[in-house]
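Peer 1: This is coords.txt (compact mmCIF, N, CA and C atoms).
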# COMPACT_ATOMS: atom_id res chain seq x y z
N MET A 1 -60.98 110.36 41.88
CA MET A 1 -62.08 110.81 42.70
C MET A 1 -62.43 112.26 42.40
N HIS A 2 -61.46 113.14 42.49
CA HIS A 2 -61.69 114.55 42.19
C HIS A 2 -60.88 114.92 40.95
N GLU A 3 -61.44 114.72 39.81
CA GLU A 3 -60.75 115.03 38.56
C GLU A 3 -60.91 116.51 38.24
N PRO A 4 -59.86 117.16 37.77
CA PRO A 4 -59.98 118.58 37.43
C PRO A 4 -60.93 118.76 36.26
N ALA A 5 -61.82 119.74 36.38
CA ALA A 5 -62.76 120.03 35.31
C ALA A 5 -62.21 121.07 34.35
N SER A 6 -61.02 121.54 34.64
CA SER A 6 -60.40 122.59 33.84
C SER A 6 -58.90 122.30 33.77
N PRO A 7 -58.27 122.68 32.66
CA PRO A 7 -56.83 122.45 32.58
C PRO A 7 -56.01 123.43 33.41
N ALA A 8 -56.65 124.40 34.07
CA ALA A 8 -55.91 125.38 34.85
C ALA A 8 -55.47 124.77 36.17
N SER A 9 -54.17 124.51 36.30
CA SER A 9 -53.67 123.94 37.55
C SER A 9 -52.19 124.24 37.71
N TRP A 10 -51.73 124.14 38.94
CA TRP A 10 -50.32 124.26 39.29
C TRP A 10 -49.94 123.00 40.04
N ARG A 11 -48.72 122.52 39.84
CA ARG A 11 -48.18 121.36 40.57
C ARG A 11 -46.75 121.73 40.95
N ILE A 12 -46.47 121.79 42.25
CA ILE A 12 -45.17 122.26 42.75
C ILE A 12 -44.62 121.26 43.76
N THR A 13 -43.34 120.94 43.65
CA THR A 13 -42.67 120.07 44.62
C THR A 13 -42.00 120.95 45.67
N LEU A 14 -42.24 120.61 46.93
CA LEU A 14 -41.70 121.37 48.05
C LEU A 14 -40.78 120.48 48.88
N PRO A 15 -39.79 121.07 49.56
CA PRO A 15 -38.92 120.27 50.42
C PRO A 15 -39.68 119.81 51.65
N HIS A 16 -39.25 118.72 52.23
CA HIS A 16 -39.87 118.16 53.43
C HIS A 16 -39.27 118.83 54.66
N THR A 17 -39.48 120.14 54.76
CA THR A 17 -38.98 120.92 55.90
C THR A 17 -40.04 121.95 56.29
N ALA A 18 -39.90 122.51 57.48
CA ALA A 18 -40.83 123.55 57.93
C ALA A 18 -40.80 124.78 57.02
N ALA A 19 -39.69 124.98 56.32
CA ALA A 19 -39.59 126.12 55.40
C ALA A 19 -40.59 126.02 54.26
N ALA A 20 -41.14 124.83 54.02
CA ALA A 20 -42.12 124.64 52.95
C ALA A 20 -43.44 125.35 53.26
N VAL A 21 -43.75 125.57 54.54
CA VAL A 21 -45.04 126.15 54.91
C VAL A 21 -45.21 127.58 54.37
N PRO A 22 -44.31 128.52 54.67
CA PRO A 22 -44.51 129.87 54.11
C PRO A 22 -44.39 129.89 52.59
N VAL A 23 -43.56 129.03 52.05
CA VAL A 23 -43.45 128.95 50.58
C VAL A 23 -44.78 128.50 49.98
N ALA A 24 -45.41 127.50 50.58
CA ALA A 24 -46.70 127.01 50.09
C ALA A 24 -47.77 128.09 50.17
N ARG A 25 -47.76 128.87 51.25
CA ARG A 25 -48.73 129.97 51.38
C ARG A 25 -48.59 130.95 50.23
N ALA A 26 -47.35 131.36 49.96
CA ALA A 26 -47.10 132.31 48.88
C ALA A 26 -47.46 131.70 47.52
N LEU A 27 -47.14 130.43 47.34
CA LEU A 27 -47.43 129.78 46.06
C LEU A 27 -48.92 129.64 45.81
N VAL A 28 -49.70 129.32 46.84
CA VAL A 28 -51.14 129.16 46.62
C VAL A 28 -51.77 130.50 46.26
N ARG A 29 -51.31 131.58 46.89
CA ARG A 29 -51.84 132.90 46.53
C ARG A 29 -51.48 133.24 45.07
N THR A 30 -50.23 133.02 44.71
CA THR A 30 -49.79 133.30 43.34
C THR A 30 -50.54 132.44 42.34
N ALA A 31 -50.68 131.15 42.64
CA ALA A 31 -51.35 130.23 41.73
C ALA A 31 -52.81 130.62 41.54
N LEU A 32 -53.52 130.93 42.62
CA LEU A 32 -54.93 131.28 42.48
C LEU A 32 -55.11 132.57 41.70
N THR A 33 -54.17 133.48 41.84
CA THR A 33 -54.21 134.69 41.02
C THR A 33 -53.93 134.36 39.56
N ASP A 34 -52.93 133.51 39.34
CA ASP A 34 -52.53 133.12 37.99
C ASP A 34 -53.65 132.39 37.24
N ILE A 35 -54.34 131.48 37.93
CA ILE A 35 -55.40 130.72 37.25
C ILE A 35 -56.76 131.42 37.36
N GLU A 36 -56.72 132.65 37.87
CA GLU A 36 -57.90 133.51 37.95
C GLU A 36 -59.04 132.87 38.71
N SER A 37 -58.70 132.26 39.84
CA SER A 37 -59.72 131.70 40.71
C SER A 37 -60.34 132.81 41.54
N SER A 38 -61.63 132.71 41.78
CA SER A 38 -62.27 133.70 42.63
C SER A 38 -62.52 133.13 44.03
N ALA A 39 -61.82 132.06 44.38
CA ALA A 39 -61.90 131.52 45.74
C ALA A 39 -61.17 132.46 46.70
N ASP A 40 -61.49 132.37 47.96
CA ASP A 40 -60.90 133.21 48.99
C ASP A 40 -59.43 132.83 49.18
N THR A 41 -58.52 133.67 48.74
CA THR A 41 -57.09 133.35 48.81
C THR A 41 -56.57 133.32 50.25
N ASP A 42 -57.13 134.16 51.13
CA ASP A 42 -56.68 134.13 52.53
C ASP A 42 -56.97 132.78 53.17
N THR A 43 -58.18 132.27 52.94
CA THR A 43 -58.56 130.96 53.48
C THR A 43 -57.73 129.87 52.82
N ALA A 44 -57.52 129.97 51.52
CA ALA A 44 -56.70 128.98 50.81
C ALA A 44 -55.29 128.94 51.38
N GLU A 45 -54.71 130.10 51.66
CA GLU A 45 -53.37 130.15 52.25
C GLU A 45 -53.33 129.48 53.62
N LEU A 46 -54.30 129.80 54.47
CA LEU A 46 -54.35 129.24 55.82
C LEU A 46 -54.47 127.71 55.78
N LEU A 47 -55.41 127.21 54.98
CA LEU A 47 -55.65 125.77 54.93
C LEU A 47 -54.49 125.04 54.27
N THR A 48 -53.88 125.64 53.26
CA THR A 48 -52.70 125.04 52.63
C THR A 48 -51.56 124.95 53.63
N ALA A 49 -51.36 126.01 54.40
CA ALA A 49 -50.31 125.98 55.43
C ALA A 49 -50.55 124.85 56.42
N GLU A 50 -51.79 124.63 56.80
CA GLU A 50 -52.12 123.54 57.73
C GLU A 50 -51.79 122.19 57.12
N LEU A 51 -52.18 121.98 55.86
CA LEU A 51 -51.91 120.69 55.21
C LEU A 51 -50.41 120.44 55.06
N VAL A 52 -49.67 121.46 54.63
CA VAL A 52 -48.23 121.29 54.44
C VAL A 52 -47.54 121.07 55.79
N ALA A 53 -47.92 121.83 56.82
CA ALA A 53 -47.33 121.64 58.14
C ALA A 53 -47.60 120.23 58.66
N ASN A 54 -48.81 119.72 58.45
CA ASN A 54 -49.13 118.35 58.87
C ASN A 54 -48.29 117.33 58.11
N ALA A 55 -48.12 117.55 56.81
CA ALA A 55 -47.31 116.62 56.01
C ALA A 55 -45.86 116.60 56.49
N VAL A 56 -45.32 117.76 56.81
CA VAL A 56 -43.94 117.85 57.30
C VAL A 56 -43.82 117.18 58.67
N GLU A 57 -44.76 117.48 59.55
CA GLU A 57 -44.68 117.01 60.93
C GLU A 57 -44.99 115.52 61.08
N HIS A 58 -45.92 115.00 60.28
CA HIS A 58 -46.42 113.65 60.52
C HIS A 58 -45.95 112.60 59.52
N THR A 59 -45.04 112.93 58.65
CA THR A 59 -44.48 111.91 57.75
C THR A 59 -43.01 111.73 58.05
N VAL A 60 -42.58 110.49 57.97
CA VAL A 60 -41.20 110.14 58.27
C VAL A 60 -40.40 110.21 56.97
N GLY A 61 -39.15 110.60 57.08
CA GLY A 61 -38.29 110.63 55.90
C GLY A 61 -38.14 112.02 55.34
N ARG A 62 -37.48 112.09 54.24
CA ARG A 62 -37.17 113.39 53.62
C ARG A 62 -37.79 113.52 52.23
N ASP A 63 -38.71 112.60 51.88
CA ASP A 63 -39.33 112.69 50.55
C ASP A 63 -40.03 114.03 50.40
N PRO A 64 -39.94 114.61 49.22
CA PRO A 64 -40.58 115.91 49.02
C PRO A 64 -42.11 115.82 49.14
N ILE A 65 -42.69 116.97 49.33
CA ILE A 65 -44.14 117.13 49.42
C ILE A 65 -44.57 117.80 48.12
N GLU A 66 -45.71 117.40 47.60
CA GLU A 66 -46.19 118.01 46.36
C GLU A 66 -47.46 118.79 46.64
N LEU A 67 -47.52 120.00 46.12
CA LEU A 67 -48.67 120.88 46.25
C LEU A 67 -49.34 120.97 44.88
N VAL A 68 -50.63 120.68 44.84
CA VAL A 68 -51.39 120.73 43.58
C VAL A 68 -52.57 121.68 43.80
N ILE A 69 -52.70 122.67 42.91
CA ILE A 69 -53.77 123.66 43.01
C ILE A 69 -54.51 123.63 41.68
N GLU A 70 -55.83 123.39 41.74
CA GLU A 70 -56.62 123.28 40.52
C GLU A 70 -57.82 124.20 40.56
N LEU A 71 -58.09 124.82 39.42
CA LEU A 71 -59.28 125.64 39.24
C LEU A 71 -60.44 124.71 38.90
N LEU A 72 -61.53 124.83 39.63
CA LEU A 72 -62.74 124.05 39.38
C LEU A 72 -63.85 125.00 38.93
N PRO A 73 -64.87 124.50 38.27
CA PRO A 73 -65.97 125.39 37.86
C PRO A 73 -66.64 126.10 39.04
N THR A 74 -66.57 125.50 40.22
CA THR A 74 -67.23 126.08 41.39
C THR A 74 -66.27 126.67 42.41
N GLY A 75 -64.97 126.75 42.11
CA GLY A 75 -63.99 127.29 43.04
C GLY A 75 -62.61 126.74 42.76
N CYS A 76 -61.96 126.20 43.79
CA CYS A 76 -60.63 125.63 43.61
C CYS A 76 -60.46 124.44 44.53
N GLN A 77 -59.50 123.59 44.19
CA GLN A 77 -59.11 122.47 45.04
C GLN A 77 -57.62 122.51 45.25
N VAL A 78 -57.19 122.29 46.48
CA VAL A 78 -55.78 122.23 46.84
C VAL A 78 -55.52 120.84 47.41
N GLU A 79 -54.46 120.20 46.93
CA GLU A 79 -54.05 118.90 47.43
C GLU A 79 -52.60 118.99 47.89
N VAL A 80 -52.29 118.25 48.95
CA VAL A 80 -50.91 118.10 49.40
C VAL A 80 -50.62 116.60 49.41
N HIS A 81 -49.62 116.20 48.64
CA HIS A 81 -49.21 114.80 48.53
C HIS A 81 -47.99 114.57 49.41
N ASP A 82 -48.01 113.46 50.16
CA ASP A 82 -46.83 113.08 50.93
C ASP A 82 -46.62 111.59 50.81
N SER A 83 -45.52 111.09 51.39
CA SER A 83 -45.14 109.69 51.21
C SER A 83 -45.75 108.74 52.23
N SER A 84 -46.53 109.24 53.17
CA SER A 84 -47.13 108.37 54.18
C SER A 84 -48.49 107.86 53.70
N PRO A 85 -48.73 106.55 53.79
CA PRO A 85 -50.04 106.03 53.42
C PRO A 85 -51.08 106.19 54.53
N LEU A 86 -50.65 106.62 55.73
CA LEU A 86 -51.57 106.73 56.87
C LEU A 86 -52.55 107.88 56.68
N PRO A 87 -53.82 107.67 57.01
CA PRO A 87 -54.81 108.75 56.88
C PRO A 87 -54.52 109.90 57.84
N PRO A 88 -55.00 111.09 57.52
CA PRO A 88 -54.68 112.28 58.32
C PRO A 88 -55.58 112.49 59.53
N GLY A 89 -55.57 111.60 60.47
CA GLY A 89 -56.32 111.80 61.71
C GLY A 89 -57.81 111.94 61.49
N ASP A 90 -58.40 112.95 62.10
CA ASP A 90 -59.85 113.12 62.07
C ASP A 90 -60.32 114.14 61.03
N LEU A 91 -59.69 114.16 59.88
CA LEU A 91 -60.03 115.14 58.86
C LEU A 91 -61.49 115.07 58.45
N THR A 92 -62.01 113.88 58.29
CA THR A 92 -63.39 113.76 57.79
C THR A 92 -64.36 113.29 58.87
N ALA A 93 -64.00 113.42 60.14
CA ALA A 93 -64.86 113.00 61.24
C ALA A 93 -65.23 114.18 62.13
N PRO A 94 -66.17 115.03 61.70
CA PRO A 94 -66.46 116.24 62.45
C PRO A 94 -67.07 116.01 63.83
N ASP A 95 -67.64 114.84 64.07
CA ASP A 95 -68.28 114.60 65.36
C ASP A 95 -67.41 113.80 66.31
N SER A 96 -66.10 113.80 66.08
CA SER A 96 -65.22 113.02 66.94
C SER A 96 -65.23 113.60 68.35
N PRO A 97 -65.24 112.72 69.37
CA PRO A 97 -65.25 113.21 70.75
C PRO A 97 -63.94 113.92 71.09
N GLY A 98 -64.00 114.80 72.05
CA GLY A 98 -62.79 115.48 72.50
C GLY A 98 -62.34 116.55 71.53
N ALA A 99 -63.10 117.63 71.43
CA ALA A 99 -62.72 118.74 70.55
C ALA A 99 -61.36 119.27 70.96
N PRO A 100 -60.60 119.81 70.00
CA PRO A 100 -59.28 120.34 70.33
C PRO A 100 -59.38 121.47 71.36
N ASP A 101 -58.43 121.51 72.25
CA ASP A 101 -58.35 122.56 73.26
C ASP A 101 -57.86 123.83 72.58
N PRO A 102 -58.63 124.92 72.63
CA PRO A 102 -58.23 126.15 71.94
C PRO A 102 -56.96 126.77 72.49
N TRP A 103 -56.52 126.36 73.69
CA TRP A 103 -55.32 126.92 74.29
C TRP A 103 -54.08 126.12 73.96
N GLN A 104 -54.24 124.98 73.33
CA GLN A 104 -53.09 124.15 72.95
C GLN A 104 -52.53 124.62 71.61
N GLU A 105 -51.24 124.42 71.43
CA GLU A 105 -50.57 124.86 70.20
C GLU A 105 -50.92 123.97 69.02
N HIS A 106 -51.21 122.69 69.26
CA HIS A 106 -51.48 121.74 68.18
C HIS A 106 -52.90 121.20 68.27
N GLY A 107 -53.39 120.64 67.17
CA GLY A 107 -54.66 119.94 67.20
C GLY A 107 -55.82 120.66 66.57
N ARG A 108 -55.63 121.87 66.08
CA ARG A 108 -56.74 122.62 65.49
C ARG A 108 -56.71 122.66 63.97
N GLY A 109 -55.62 122.24 63.35
CA GLY A 109 -55.48 122.36 61.91
C GLY A 109 -56.54 121.63 61.12
N LEU A 110 -56.80 120.37 61.47
CA LEU A 110 -57.81 119.60 60.74
C LEU A 110 -59.21 120.14 61.00
N LEU A 111 -59.45 120.65 62.21
CA LEU A 111 -60.72 121.29 62.52
C LEU A 111 -60.93 122.52 61.63
N LEU A 112 -59.88 123.32 61.47
CA LEU A 112 -59.96 124.48 60.58
C LEU A 112 -60.29 124.06 59.15
N ILE A 113 -59.63 123.03 58.68
CA ILE A 113 -59.85 122.56 57.31
C ILE A 113 -61.29 122.09 57.15
N ARG A 114 -61.79 121.29 58.10
CA ARG A 114 -63.18 120.81 58.02
C ARG A 114 -64.16 121.97 58.05
N THR A 115 -63.88 122.96 58.89
CA THR A 115 -64.82 124.06 59.11
C THR A 115 -64.82 125.07 57.96
N LEU A 116 -63.65 125.42 57.45
CA LEU A 116 -63.55 126.51 56.49
C LEU A 116 -63.64 126.08 55.03
N SER A 117 -63.46 124.80 54.75
CA SER A 117 -63.54 124.35 53.35
C SER A 117 -64.96 123.91 53.03
N SER A 118 -65.30 123.86 51.74
CA SER A 118 -66.61 123.35 51.36
C SER A 118 -66.62 121.83 51.37
N SER A 119 -65.46 121.21 51.19
CA SER A 119 -65.30 119.76 51.33
C SER A 119 -63.82 119.47 51.51
N CYS A 120 -63.53 118.29 52.07
CA CYS A 120 -62.15 117.89 52.27
C CYS A 120 -62.09 116.38 52.40
N GLY A 121 -60.90 115.85 52.25
CA GLY A 121 -60.73 114.41 52.37
C GLY A 121 -59.32 113.99 52.06
N HIS A 122 -59.15 112.70 51.87
CA HIS A 122 -57.84 112.16 51.52
C HIS A 122 -58.05 110.95 50.64
N ARG A 123 -57.01 110.60 49.90
CA ARG A 123 -57.06 109.43 49.03
C ARG A 123 -55.67 108.86 48.92
N PRO A 124 -55.58 107.54 48.72
CA PRO A 124 -54.26 106.95 48.53
C PRO A 124 -53.70 107.33 47.15
N THR A 125 -52.39 107.40 47.08
CA THR A 125 -51.71 107.61 45.80
C THR A 125 -50.68 106.49 45.64
N GLY A 126 -50.04 106.43 44.50
CA GLY A 126 -49.03 105.42 44.25
C GLY A 126 -47.84 105.53 45.18
N SER A 127 -47.62 106.70 45.76
CA SER A 127 -46.45 106.89 46.62
C SER A 127 -46.79 107.33 48.04
N GLY A 128 -48.06 107.25 48.43
CA GLY A 128 -48.46 107.66 49.78
C GLY A 128 -49.93 108.06 49.80
N LYS A 129 -50.17 109.36 50.05
CA LYS A 129 -51.55 109.85 50.07
C LYS A 129 -51.59 111.30 49.60
N ALA A 130 -52.80 111.73 49.26
CA ALA A 130 -53.09 113.12 48.97
C ALA A 130 -54.19 113.56 49.92
N VAL A 131 -54.00 114.69 50.56
CA VAL A 131 -55.01 115.28 51.43
C VAL A 131 -55.47 116.55 50.72
N TRP A 132 -56.78 116.75 50.64
CA TRP A 132 -57.29 117.85 49.81
C TRP A 132 -58.41 118.61 50.51
N PHE A 133 -58.62 119.83 50.02
CA PHE A 133 -59.80 120.62 50.39
C PHE A 133 -60.25 121.41 49.18
N THR A 134 -61.51 121.76 49.16
CA THR A 134 -62.04 122.63 48.11
C THR A 134 -62.60 123.89 48.76
N LEU A 135 -62.50 124.97 48.02
CA LEU A 135 -63.09 126.24 48.44
C LEU A 135 -64.01 126.70 47.32
N PRO A 136 -65.17 127.22 47.68
CA PRO A 136 -66.10 127.69 46.64
C PRO A 136 -65.68 129.03 46.07
N THR A 137 -66.26 129.38 44.95
CA THR A 137 -66.11 130.70 44.38
C THR A 137 -66.72 131.70 45.35
N ARG A 138 -66.02 132.78 45.58
CA ARG A 138 -66.55 133.82 46.48
C ARG A 138 -67.64 134.59 45.77
N ARG A 139 -68.62 134.95 46.53
CA ARG A 139 -69.72 135.78 46.01
C ARG A 139 -69.36 137.23 46.27
N GLY A 140 -68.87 137.93 45.26
CA GLY A 140 -68.50 139.33 45.43
C GLY A 140 -68.35 139.99 44.09
N ALA A 141 -68.52 141.25 44.04
CA ALA A 141 -68.46 141.98 42.78
C ALA A 141 -67.07 141.99 42.20
N ASP A 142 -66.04 142.12 43.06
CA ASP A 142 -64.69 142.26 42.52
C ASP A 142 -63.91 140.96 42.53
N GLY A 143 -64.44 139.87 43.13
CA GLY A 143 -63.75 138.58 43.14
C GLY A 143 -62.57 138.52 44.09
N HIS A 144 -62.37 139.52 44.95
CA HIS A 144 -61.25 139.53 45.90
C HIS A 144 -61.74 139.34 47.30
Will you turn the file into structure tokens for me?
Peer 2:
Amino acid sequence: MHEPASPASWRITLPHTAAAVPVARALVRTALTDIESSADTDTAELLTAELVANAVEHTVGRDPIELVIELLPTGCQVEVHDSSPLPPGDLTAPDSPGAPDPWQEHGRGLLLIRTLSSSCGHRPTGSGKAVWFTLPTRRGADGH
């Protein structure tokens, strides 16, 4: 569905623990710098953390999580692969009734992904699913 248009990519296996979240944040920043993406790294870190946290929290078992970061001609795409075939809630349903309560600790991650990414979705894989988002190239003189 979303084939990389460039060979510039990173693929990293992460443990199925909460410790994977800060590691994923650091890795996405490093990867986007390494592949010279001009996408917003702060937003990429935030959305990656949400995807990895969801994968850890909502999948059963100890199978590792895979983080894939790809440079696209128009920005970057980040995917998180996990072993659950179940779709990720309301990721692609922006008009779902009952918006998340801003005072609750949970329930805003998918809303953030829908709102801050240029596109997002999920697809089945041979071992579960991949949940992804894309970020556009930032419009700025210095690319930061």
Peer 1: Taking only C-alpha atoms into account, name the residue in A:Cys76, A:Ser38, A:Arg138, A:His58 that is nearest to Ser119 in chain A.
Peer 2: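 For Ser119 in chain A, the nearest of the candidates is A:Cys76.
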Peer 1: Residues at most 8 Å from Pro88 in chain A, counting only N, CA and C atoms, excluding those fewer than 2 positions away in the same chain, as a PDB file with N, CA and C atoms, keeping the file's coordinate frame?
Peer 2:
ATOM      1  N   PRO A  85     -48.730 106.550  53.790  1.00  0.00           N
ATOM      2  CA  PRO A  85     -50.040 106.030  53.420  1.00  0.00           C
ATOM      3  C   PRO A  85     -51.080 106.190  54.530  1.00  0.00           C
ATOM      4  N   LEU A  86     -50.650 106.620  55.730  1.00  0.00           N
ATOM      5  CA  LEU A  86     -51.570 106.730  56.870  1.00  0.00           C
ATOM      6  C   LEU A  86     -52.550 107.880  56.680  1.00  0.00           C
ATOM      7  N   ASP A  90     -58.400 112.950  62.100  1.00  0.00           N
ATOM      8  CA  ASP A  90     -59.850 113.120  62.070  1.00  0.00           C
ATOM      9  C   ASP A  90     -60.320 114.140  61.030  1.00  0.00           C
ATOM     10  N   LEU A  91     -59.690 114.160  59.880  1.00  0.00           N
ATOM     11  CA  LEU A  91     -60.030 115.140  58.860  1.00  0.00           C
ATOM     12  C   LEU A  91     -61.490 115.070  58.450  1.00  0.00           C
ATOM     13  N   THR A  92     -62.010 113.880  58.290  1.00  0.00           N
ATOM     14  CA  THR A  92     -63.390 113.760  57.790  1.00  0.00           C
ATOM     15  C   THR A  92     -64.360 113.290  58.870  1.00  0.00           C
ATOM     16  N   LEU A 110     -56.800 120.370  61.470  1.00  0.00           N
ATOM     17  CA  LEU A 110     -57.810 119.600  60.740  1.00  0.00           C
ATOM     18  C   LEU A 110     -59.210 120.140  61.000  1.00  0.00           C
ATOM     19  N   GLY A 121     -60.900 115.850  52.250  1.00  0.00           N
ATOM     20  CA  GLY A 121     -60.730 114.410  52.370  1.00  0.00           C
ATOM     21  C   GLY A 121     -59.320 113.990  52.060  1.00  0.00           C
ATOM     22  N   HIS A 122     -59.150 112.700  51.870  1.00  0.00           N
ATOM     23  CA  HIS A 122     -57.840 112.160  51.520  1.00  0.00           C
ATOM     24  C   HIS A 122     -58.050 110.950  50.640  1.00  0.00           C
ATOM     25  N   ARG A 123     -57.010 110.600  49.900  1.00  0.00           N
ATOM     26  CA  ARG A 123     -57.060 109.430  49.030  1.00  0.00           C
ATOM     27  C   ARG A 123     -55.670 108.860  48.920  1.00  0.00           C
ATOM     28  N   VAL A 131     -54.000 114.690  50.560  1.00  0.00           N
ATOM     29  CA  VAL A 131     -55.010 115.280  51.430  1.00  0.00           C
ATOM     30  C   VAL A 131     -55.470 116.550  50.720  1.00  0.00           C
TER      31      VAL A 131
END
Peer 1: Ranking A:Ala26, A:Val68, A:Leu111, A:Ala130 by minimum distance to Pro87 in chain A and counting only C-alpha atoms, which one comes first?
Peer 2: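 Of A:Ala26, A:Val68, A:Leu111, A:Ala130, the one nearest Pro87 in chain A, counting only C-alpha atoms, is A:Ala130.
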Peer 1: Rounded to one decimal in Å, what is the spacing between CA of Pro22 in chain A and CA of Asn54 in chain A?
Peer 2: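 Separation between CA of Pro22 in chain A and CA of Asn54 in chain A: 13.3 Å.
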Peer 1: So what do you get for CA of Ala44 in chain A versus CA of Ile69 in chain A, distance-wise?
Peer 2: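 If I compute the distance from CA of Ala44 in chain A to CA of Ile69 in chain A, I get 9.9 Å.
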Peer 1: One decimal, Å: what's the distance from CA of Ile65 in chain A over to CA of Ala31 in chain A, could you say?
Peer 2: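 Going from CA of Ile65 in chain A over to CA of Ala31 in chain A covers 16.8 Å.
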Peer 1: Out of A:Phe133, A:Arg62, A:Val56, A:Trp10, which residue has the shortest atom-to-atom distance to Arg114 in chain A when counting all atoms listed in the file?
Peer 2: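 Counting all atoms listed in the file, the residue closest to Arg114 in chain A is A:Phe133.
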Peer 1: Counting only N, CA and C atoms, figure out which residue out of A:Pro124, A:Arg108, A:Lys129, A:Thr43 gets nearest to Asp82 in chain A.
Peer 2: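 Comparing A:Pro124, A:Arg108, A:Lys129, A:Thr43 against Asp82 in chain A, the winner is A:Lys129.
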Peer 1: Find the residue from A:Ser117, A:Thr134, A:Thr125, A:Thr48 that sits nearest to Ser84 in chain A; use only N, CA and C atoms when measuring.
Peer 2: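 Between A:Ser117, A:Thr134, A:Thr125, A:Thr48, the residue approaching Ser84 in chain A most closely is A:Thr125.
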Peer 1: Just checking: using only N, CA and C atoms, which residue out of A:Ile35, A:Ile113, A:Val28, A:Leu14 ends up closest to Leu71 in chain A?
Peer 2: A:Ile35
Peer 1: As a list in words, please: every residue in range 9-119 of chain A that DSSP puts in strand (DSSP E).
Peer 2: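 Filtering range 9-119 of chain A to strand (DSSP E) leaves Ser9, Trp10, Arg11, Ile12, Thr13, Leu14, Ile65, Glu66, Leu67, Val68, Ile69, Glu70, Leu71, Leu72, Gly75, Cys76, Gln77, Val78, Glu79, Val80, His81, Asp82 and Ser119 of chain A.
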Peer 1: Atoms are missing here; could range 63-68 of chain A be completed with all heavy atoms and written as a short mmCIF file (atom, residue, chain, number, x, y, z; two decimals), keeping the file's coordinate frame?
Peer 2:
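Dumped to selection25.cif:
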data_model
loop_
_atom_site.label_atom_id
_atom_site.label_comp_id
_atom_site.auth_asym_id
_atom_site.auth_seq_id
_atom_site.Cartn_x
_atom_site.Cartn_y
_atom_site.Cartn_z
N ASP A 63 -38.71 112.60 51.88
CA ASP A 63 -39.33 112.69 50.55
C ASP A 63 -40.03 114.03 50.40
O ASP A 63 -40.65 114.52 51.34
CB ASP A 63 -40.34 111.56 50.36
CG ASP A 63 -39.69 110.19 50.29
OD1 ASP A 63 -38.52 110.13 49.89
OD2 ASP A 63 -40.35 109.20 50.64
N PRO A 64 -39.94 114.61 49.22
CA PRO A 64 -40.58 115.91 49.02
C PRO A 64 -42.11 115.82 49.14
O PRO A 64 -42.69 114.75 49.06
CB PRO A 64 -40.16 116.31 47.60
CG PRO A 64 -39.61 115.11 46.97
CD PRO A 64 -39.26 114.13 48.03
N ILE A 65 -42.69 116.97 49.33
CA ILE A 65 -44.14 117.13 49.42
C ILE A 65 -44.57 117.80 48.12
O ILE A 65 -43.88 118.67 47.61
CB ILE A 65 -44.49 118.00 50.64
CG1 ILE A 65 -44.07 117.28 51.91
CG2 ILE A 65 -45.97 118.36 50.66
CD1 ILE A 65 -44.00 118.18 53.10
N GLU A 66 -45.71 117.40 47.60
CA GLU A 66 -46.19 118.01 46.36
C GLU A 66 -47.46 118.79 46.64
O GLU A 66 -48.36 118.31 47.33
CB GLU A 66 -46.45 116.94 45.31
CG GLU A 66 -46.72 117.53 43.95
CD GLU A 66 -46.75 116.48 42.87
OE1 GLU A 66 -47.32 115.40 43.10
OE2 GLU A 66 -46.22 116.76 41.79
N LEU A 67 -47.52 120.00 46.12
CA LEU A 67 -48.67 120.88 46.25
C LEU A 67 -49.34 120.97 44.88
O LEU A 67 -48.67 121.26 43.88
CB LEU A 67 -48.20 122.27 46.71
CG LEU A 67 -49.24 123.37 46.82
CD1 LEU A 67 -50.28 123.04 47.88
CD2 LEU A 67 -48.55 124.70 47.15
N VAL A 68 -50.63 120.68 44.84
CA VAL A 68 -51.39 120.73 43.58
C VAL A 68 -52.57 121.68 43.80
O VAL A 68 -53.34 121.51 44.75
CB VAL A 68 -51.91 119.33 43.17
CG1 VAL A 68 -52.69 119.41 41.87
CG2 VAL A 68 -50.76 118.35 43.05
#
